[in-house]
Amino acid sequence: MRILGVSAFYHDSAAALIDDGQIVAAAQEERFTRVKHDHEFPKNAMAYCLAEAGIRADQLDGVAFYDKPITKFHRILETYLSCAPRGLRSYLQAVPLWLRQKLWIPAEIEAVFESLGVSMPEKIYFPEHHVSHAASAYYPSPFADAAVLTVDGVGEWATSTICDADGKDLKVVREMHFPHSLGLLYSAFTYFTGFRVNSGEYKLMGLAPYGEPIYADKIKDHVIDVRDDGSFRMNLDLFGYLDGFTMTNDNFAKLFDGPARPAESTITRREMDLAKSIQVVTEEIVLKMARYARDVTGKKNLCMAGGVALNCVANGKLLKEKIFDRLWIQPAAGDAGGALGAALAAWHGAEQKPRPAPANGRDSMRGSYLGPVFSDDEIGAFLEAKGYPAQRFERDEWAKTIAKAIDDQKVIGLCHGRMEFGPRALGNRSIIGDARSPKMQSVMNLKIKYRESFRPFAPSCLKERVADFFEIDDESPYMLLVAPVREERCIAKQGDERSADLLEWVNRPRSDLPAITHVDYSARIQTVDKDVNPGYYAIIEAFEALTGQGIIINTSFNVRGEPIVCTPEDAYRCFMRTEMDRLVLGSFILEKEKQPEWHEKDDWRTEFKLD
Amino acid sequence: MGSDTSKRVAETVWNWRAAKEPTPEEAAQAAVDHAAELRKRGVIQACIGLTIAAAFYFGLGAYYPKWKIVGIIGASIASFIGLSALVSPTGLFAQIERGIFVVAHWVGVGLTHLLMPPIYWFFFVPFRFLFRRGKRDKMLRTFPDPSETTFWVDRSGEEQKPEHYLRQF
């Protein structure tokens, strides 16, 4: 039985296909349309999933949408009912859109099927939003049973849930309701510190280590009232998201010493301290929720999903606290992963199909490499047709050549294998470089990614070597855990860093791996498994053979505001627009110096809206 | 992965062969085809307009002569659109079409702002005040009583049946 999962109309639309419960393909729509966080109905991603499975749309047995639209609409009407007469402008914008499009999901799906020239499957499933998240976290996990914690902005009414999962059964046992939401609280601070909501949350997390938690008590006294079990109420007098277009209001600004930072303006000490403060409060709440989830379910394993589960600093704390024996987080923890969860919930929940016991302690996400791959024949034909000089290598030489280039301080764009599903690039659509280089962080930020200088880079290391570099004894295949760099590798702080200029502060070496060591001596780790991604493993292994260090920098293959590249053509374009030195397309390696001059009609920097 | 799958995927999501730059001949042919398509559309629109204008002039106008003027205006506009499509399909006609879309969009926005607020004022606002009097607030705005120990909603007693997945609510 083949079920296509779909998430759409909020942000990060995606499609995922399962066949008898096995994950076949999954991809976000943004990768095909090249519109970051694209919320439109994911017809390109749907077409890709069908092509990957080699089936026509009329060979599908069902389609699963990732939430219940009527319940969601009810929540929106109730919100206006509680705010009126305020909220009129928001109502005039939201309600017509709902009446015109969002309430007619079956018709939207049917239109896509009609455009493919086939009729619609008989069954359309509508799991609850948080059940979709929970299903995406539990069913692919390596656990036979688990507690499941989902925390995000909002679904229908739920903003956080605790589920009890065993075999095929996934049962919601507790939930918290809108408007009291940890995801929205974090987004409110994201907005207030001048970053884009639903996009800049990870920047706020990256900014936190620069600050001190001086506002944490104020947040707990005036903004949020947290109980011992992690449940809470928010002071809604401070927020604007119920009846307006902004996340926070004037009362919030009064409480936190002035108005919100305008986007792209200078980041001050206040924003750093706010970032740290909300991070501390978020971690405290997540830990309390996890303890309560353990008490309620009695389970030893924890699965997590929802946007807040992408907060890898909180995840690292959760792992360190050892509240659960094991932790597994869905790599596409945001709304995109809801597409996969919806399909899995339909299979196990609606169709009541059994869930086989996970084998060898492995999850079934296949490293999250669930997107399209392009053959060397296709890439070769493309390069030849376009006249782009390239050299083709056999696997051993390929890895050694790339490793040598990294050692030579080259910045390399890597586009090979299946594209990753979820927000992280895990070595198949990545930009890589030398983690030992003190200059690499600023070079990559300013000349390659064109993004804010304070943002850290993450390392990829061989799975077997992780304990040599970091204080962690678990694998982190999806770059969802933060852990400290080993003490013996670190360099002591030099004076009061907080008084230093931000750029100077960033560039101070902190360890013998300066490019991936954040200002708080932590790193967001990806462990690479030979069985899951042999190509990427071979590169790092060859680098280790050359330098003695089985670790490199890994950042997503894109520039600021651009979705991660999908096709070799996207990769080549990004390569030529930036100051990258080498490009790897499948088995081919391209050198920048040998490429023909790159011309574009317009300034590409205006093509992507800054995130 | 099999080469068939790879080929199929590439054709679906990365059809670079089809996206190649057209030759000057292909570009010229495409321009001719596009102009022909616009001409056809303009003529159809003019025919529909003329039919409606005729209905006003000969139908309604037969009983109420004042309506003949509407028929004449309609026929004039329809003829102008038809002629512009025939004479300048990619220039004048394309601009008229764009103008009509802009006007239609703003008419839609205007109607929304005209029709939706009364619902807000006559439904949402009074019920909001009624609910406030009845102390019903689904948003749970008030900062809670310190004696409340939890805000989790207990759903463990709920039976979550398979049929639940087939409903949109």
# chains A, B, ... in the order shown; residues from 1 in each chain; ligands from 1
>>> closest_atom_pairs(of="chain B", to="chain A", cutoff="8 Å", atoms="only C-alpha atoms", output="JSON lines")
{"residue": "B:Ser3", "atom": "CA", "partner": "A:Ser375", "partner_atom": "CA", "distance": 7.6}
{"residue": "B:Thr5", "atom": "CA", "partner": "A:Glu52", "partner_atom": "CA", "distance": 6.1}
{"residue": "B:Ser6", "atom": "CA", "partner": "A:Phe374", "partner_atom": "CA", "distance": 6.2}
{"residue": "B:Lys7", "atom": "CA", "partner": "A:Glu378", "partner_atom": "CA", "distance": 7.9}
{"residue": "B:Arg8", "atom": "CA", "partner": "A:Ala51", "partner_atom": "CA", "distance": 5.9}
{"residue": "B:Val9", "atom": "CA", "partner": "A:Ala51", "partner_atom": "CA", "distance": 5.4}
{"residue": "B:Ala10", "atom": "CA", "partner": "A:Phe374", "partner_atom": "CA", "distance": 6.5}
{"residue": "B:Thr12", "atom": "CA", "partner": "A:Tyr48", "partner_atom": "CA", "distance": 6.3}
{"residue": "B:Val13", "atom": "CA", "partner": "A:Tyr48", "partner_atom": "CA", "distance": 6.5}
{"residue": "B:Trp14", "atom": "CA", "partner": "A:Thr567", "partner_atom": "CA", "distance": 6.6}
{"residue": "B:Trp16", "atom": "CA", "partner": "A:Phe382", "partner_atom": "CA", "distance": 7.6}
{"residue": "B:Thr112", "atom": "CA", "partner": "A:Leu92", "partner_atom": "CA", "distance": 7.3}
{"residue": "B:His113", "atom": "CA", "partner": "A:Leu92", "partner_atom": "CA", "distance": 6.9}
{"residue": "B:Met116", "atom": "CA", "partner": "A:Leu92", "partner_atom": "CA", "distance": 6.8}
{"residue": "B:Pro117", "atom": "CA", "partner": "A:Leu88", "partner_atom": "CA", "distance": 7.4}
{"residue": "B:Tyr120", "atom": "CA", "partner": "A:Leu88", "partner_atom": "CA", "distance": 7.3}
{"residue": "B:Trp121", "atom": "CA", "partner": "A:Pro85", "partner_atom": "CA", "distance": 7.2}
{"residue": "B:Phe124", "atom": "CA", "partner": "A:Leu81", "partner_atom": "CA", "distance": 5.1}
{"residue": "B:Val125", "atom": "CA", "partner": "A:Ala84", "partner_atom": "CA", "distance": 5.0}
{"residue": "B:Phe127", "atom": "CA", "partner": "A:Leu81", "partner_atom": "CA", "distance": 6.9}
{"residue": "B:Arg128", "atom": "CA", "partner": "A:Leu81", "partner_atom": "CA", "distance": 5.3}
{"residue": "B:Asp137", "atom": "CA", "partner": "A:Ser82", "partner_atom": "CA", "distance": 6.6}
{"residue": "B:Lys138", "atom": "CA", "partner": "A:Glu78", "partner_atom": "CA", "distance": 7.1}
{"residue": "B:Met139", "atom": "CA", "partner": "A:Pro179", "partner_atom": "CA", "distance": 6.1}
{"residue": "B:Arg141", "atom": "CA", "partner": "A:Leu236", "partner_atom": "CA", "distance": 6.0}
{"residue": "B:Thr142", "atom": "CA", "partner": "A:Asn235", "partner_atom": "CA", "distance": 7.5}
{"residue": "B:Phe143", "atom": "CA", "partner": "A:Asn235", "partner_atom": "CA", "distance": 6.2}
{"residue": "B:Pro144", "atom": "CA", "partner": "A:Arg233", "partner_atom": "CA", "distance": 7.2}
{"residue": "B:Thr149", "atom": "CA", "partner": "A:Arg227", "partner_atom": "CA", "distance": 6.4}
{"residue": "B:Thr150", "atom": "CA", "partner": "A:Ser231", "partner_atom": "CA", "distance": 6.0}
{"residue": "B:Phe151", "atom": "CA", "partner": "A:Ser231", "partner_atom": "CA", "distance": 5.2}
{"residue": "B:Trp152", "atom": "CA", "partner": "A:Met176", "partner_atom": "CA", "distance": 5.1}
{"residue": "B:Val153", "atom": "CA", "partner": "A:Glu175", "partner_atom": "CA", "distance": 5.2}
{"residue": "B:Asp154", "atom": "CA", "partner": "A:Arg174", "partner_atom": "CA", "distance": 4.8}
{"residue": "B:Arg155", "atom": "CA", "partner": "A:Val173", "partner_atom": "CA", "distance": 4.7}
{"residue": "B:Ser156", "atom": "CA", "partner": "A:Val173", "partner_atom": "CA", "distance": 4.2}
{"residue": "B:Gly157", "atom": "CA", "partner": "A:Val173", "partner_atom": "CA", "distance": 7.9}
{"residue": "B:Gln160", "atom": "CA", "partner": "A:Lys171", "partner_atom": "CA", "distance": 7.3}
{"residue": "B:Lys161", "atom": "CA", "partner": "A:Ala350", "partner_atom": "CA", "distance": 7.7}
{"residue": "B:Pro162", "atom": "CA", "partner": "A:Ala350", "partner_atom": "CA", "distance": 4.2}
{"residue": "B:Glu163", "atom": "CA", "partner": "A:Ala350", "partner_atom": "CA", "distance": 6.7}
{"residue": "B:His164", "atom": "CA", "partner": "A:Pro127", "partner_atom": "CA", "distance": 7.7}
{"residue": "B:Tyr165", "atom": "CA", "partner": "A:Pro127", "partner_atom": "CA", "distance": 5.0}
{"residue": "B:Leu166", "atom": "CA", "partner": "A:Tyr125", "partner_atom": "CA", "distance": 4.7}
{"residue": "B:Arg167", "atom": "CA", "partner": "A:Phe126", "partner_atom": "CA", "distance": 6.1}
{"residue": "B:Gln168", "atom": "CA", "partner": "A:Lys68", "partner_atom": "CA", "distance": 4.7}
{"residue": "B:Phe169", "atom": "CA", "partner": "A:Thr71", "partner_atom": "CA", "distance": 4.8}
>>> residues_around(residues="B:Gln95", least_positions_apart="4", cutoff="12 Å", atoms="only C-alpha atoms", output="list in words")
Leu38, Ile81, Ser84, Ala85, Ser88, Pro89, Thr90, Gly91, Gly99, Ile100, Phe101 and Val102 of chain B
>>> residues_around(residues="A:Gln22", least_positions_apart="5", cutoff="12 Å", atoms="only C-alpha atoms", output="list in words")
Met1, Arg2, Ile3, Leu4, Ala16, Leu17, Ala53, Tyr139, Pro140, Leu340, Ala343, Leu344, Trp347, His348, Lys353, Pro354, Arg355, Pro356, Pro358, Asp363, Ser364, Met365, Arg366 and Leu370 of chain A
>>> select_by_dssp(residues="stretch 176-408 of chain A", states="alpha helix (DSSP H)", output="PyMOL selection string")
chain A and resi 182-192+201-207+216-218+250-255+269-297+312-321+335-345+376-386+395-407
>>> select_by_dssp(residues="stretch 355-460 of chain A", states="strand (DSSP E or B)", output="list in words")
Tyr369, Gln391, Arg392, Ile412, Gly413, Leu414, Cys415, Glu420, Arg429, Ser430, Ile431, Ile432, Gly433, Ala458, Pro459 and Ser460 of chain A
>>> write_last_selection(atoms="C-alpha atoms", output="CSV table (one decimal), in the first residue's frame")
chain,number,residue,atom,x,y,z
A,369,TYR,CA,19.1,11.0,2.4
A,391,GLN,CA,37.7,15.7,-14.2
A,392,ARG,CA,36.1,12.4,-13.4
A,412,ILE,CA,34.5,22.9,-1.6
A,413,GLY,CA,30.9,22.6,-2.7
A,414,LEU,CA,29.7,19.0,-2.4
A,415,CYS,CA,26.8,17.8,-4.5
A,420,GLU,CA,18.9,15.4,2.4
A,429,ARG,CA,24.6,19.1,-0.4
A,430,SER,CA,27.2,20.7,1.7
A,431,ILE,CA,30.1,23.2,1.6
A,432,ILE,CA,33.1,21.7,3.4
A,433,GLY,CA,36.4,23.1,4.6
A,458,ALA,CA,29.3,22.7,12.4
A,459,PRO,CA,31.8,19.9,12.2
A,460,SER,CA,31.4,16.5,10.5
>>> atom_distance(atom1="atom CA of A:Arg605", atom2="atom CA of A:Asp38")
18.7 Å
>>> residues_around(residues="A:Ile589", least_positions_apart="5", cutoff="12 Å", atoms="only C-alpha atoms", output="PyMOL selection string")
chain A and resi 376+379-380+383+388-395+397-402+405+412-416+568+572+575+581-584+594-595
>>> atom_distance(atom1="atom CA of A:Leu462", atom2="atom CA of A:Thr527")
5.7 Å
>>> residues_around(residues="B:Gly74", least_positions_apart="6", cutoff="12 Å", atoms="only C-alpha atoms", output="ChimeraX atom specification")
/B:45-57,67-68,80-81
>>> residues_around(residues="stretch 279-288 of chain A", least_positions_apart="5", cutoff="9 Å", atoms="only C-alpha atoms", output="PyMOL selection string")
chain A and resi 151+182+185-186+204-205+208+213+216-217+219-220+226-232+274+293+308+311+313-315+317-318+321+323
